[in-house]
Amino acid sequence: MREVSHDFEGLREYAYAQLASGSARPSGQGPGGPGIPAAYAAWLAFLFELEAAVRANPELRGRLRADTARGLAAVEQARMRFLAERKPCPRCGALTISSFICEHCGARLGGQARLGSSSKGQTR
Ligand SMILES: [Zn+2]
């Protein structure tokens with residue numbers, strides 16, 4: 001447990017994987033997305049709950065132990081990356097990684113405007 005709680009890179013990656021798999025629920029129930037080691041899953045379940053608690057009560061942040069605060073930061077960074085890569089669907093509110101069609105309700109999203117200017121191209 002000690003190594004896990006100090007592997008902030010690993011935590012960040014697994015936190016992202018858990019967010020992407022949709023299994024990170026605020027209720028903290030049954031963690032463990034695909035391929036996430038149990039020790040990380042347990043620590044992440046705690047950190048996701050802590051993240052929600054800190055959001056509701058920001059004073060808590062100042063009372064965390066240093067390694068807990070770093071773990072929380074890793075989870076928050078993973079969430080920022082997760083959110084930066086996705087947009088909420090205007091119809092159903094689900095986060096969708098496509099900018100054209102909602103993967104959840106099939107709504108067409110206003111992603112067309114960027115098609116012409118993108119030299120990188122999102123070919124997939
Ligand atoms: Zn939708």
# chains A, B, ... in the order shown; residues from 1 in each chain; ligands from 1
>>> residues_near_ligand(ligand="ligand 1", cutoff="7 Å", atoms="only C-alpha atoms and all ligand atoms", output="count of residues only")
12
>>> closest_residue(among="A:Leu72, A:Met80, A:Ala17, A:Ala66", to="Trp43 of chain A", atoms="only C-alpha atoms")
A:Leu72
>>> residues_around(residues="Ser99 of chain A", least_positions_apart="3", cutoff="8 Å", atoms="only C-alpha atoms", output="list of chain:residue names")
A:Lys87, A:Thr96, A:Cys102, A:Leu109, A:Gly110, A:Gly111
>>> write_last_selection(atoms="C-alpha atoms", output="compact mmCIF listing (two decimals), in the first residue's frame")
# COMPACT_ATOMS: atom_id res chain seq x y z
CA LYS A 87 -17.58 17.75 -24.21
CA THR A 96 -18.67 12.50 -25.35
CA CYS A 102 -23.04 11.85 -29.03
CA LEU A 109 -23.09 17.98 -32.10
CA GLY A 110 -21.88 21.24 -33.56
CA GLY A 111 -18.40 20.06 -34.46
>>> atom_distance(atom1="atom CA of Gly10 of chain A", atom2="atom CA of Pro58 of chain A")
25.2 Å
>>> closest_residue(among="A:Gly71, A:Pro88, A:Gly62, A:Gly22", to="His6 of chain A", atoms="only C-alpha atoms")
A:Gly71
>>> atom_distance(atom1="atom CA of Ile36 of chain A", atom2="atom CA of Arg65 of chain A")
24.4 Å
>>> closest_residue(among="A:Leu50, A:Arg79, A:Pro37, A:Arg108", to="Ala15 of chain A", atoms="only C-alpha atoms")
A:Arg79
>>> residues_around(residues="segment 67-69 of chain A", least_positions_apart="6", cutoff="12 Å", atoms="only C-alpha atoms", output="list in words")
Arg2, Glu3, Val4, Ser5, His6, Asp7, Phe8, Leu11, Trp43, Leu44, Phe46, Leu47, Phe48, Leu50, Glu51, Val54, Leu60, Arg61, Val75 and Glu76 of chain A
>>> closest_residue(among="A:Ala78, A:Ala39, A:Ala45, A:Ala73", to="Glu13 of chain A", atoms="only C-alpha atoms")
A:Ala78
>>> atom_distance(atom1="atom CA of Tyr16 of chain A", atom2="atom CA of Arg81 of chain A")
7.8 Å
>>> select_by_dssp(residues="segment 36-120 of chain A", states="alpha helix (DSSP H)", output="ChimeraX atom specification")
/A:38-56,66-84
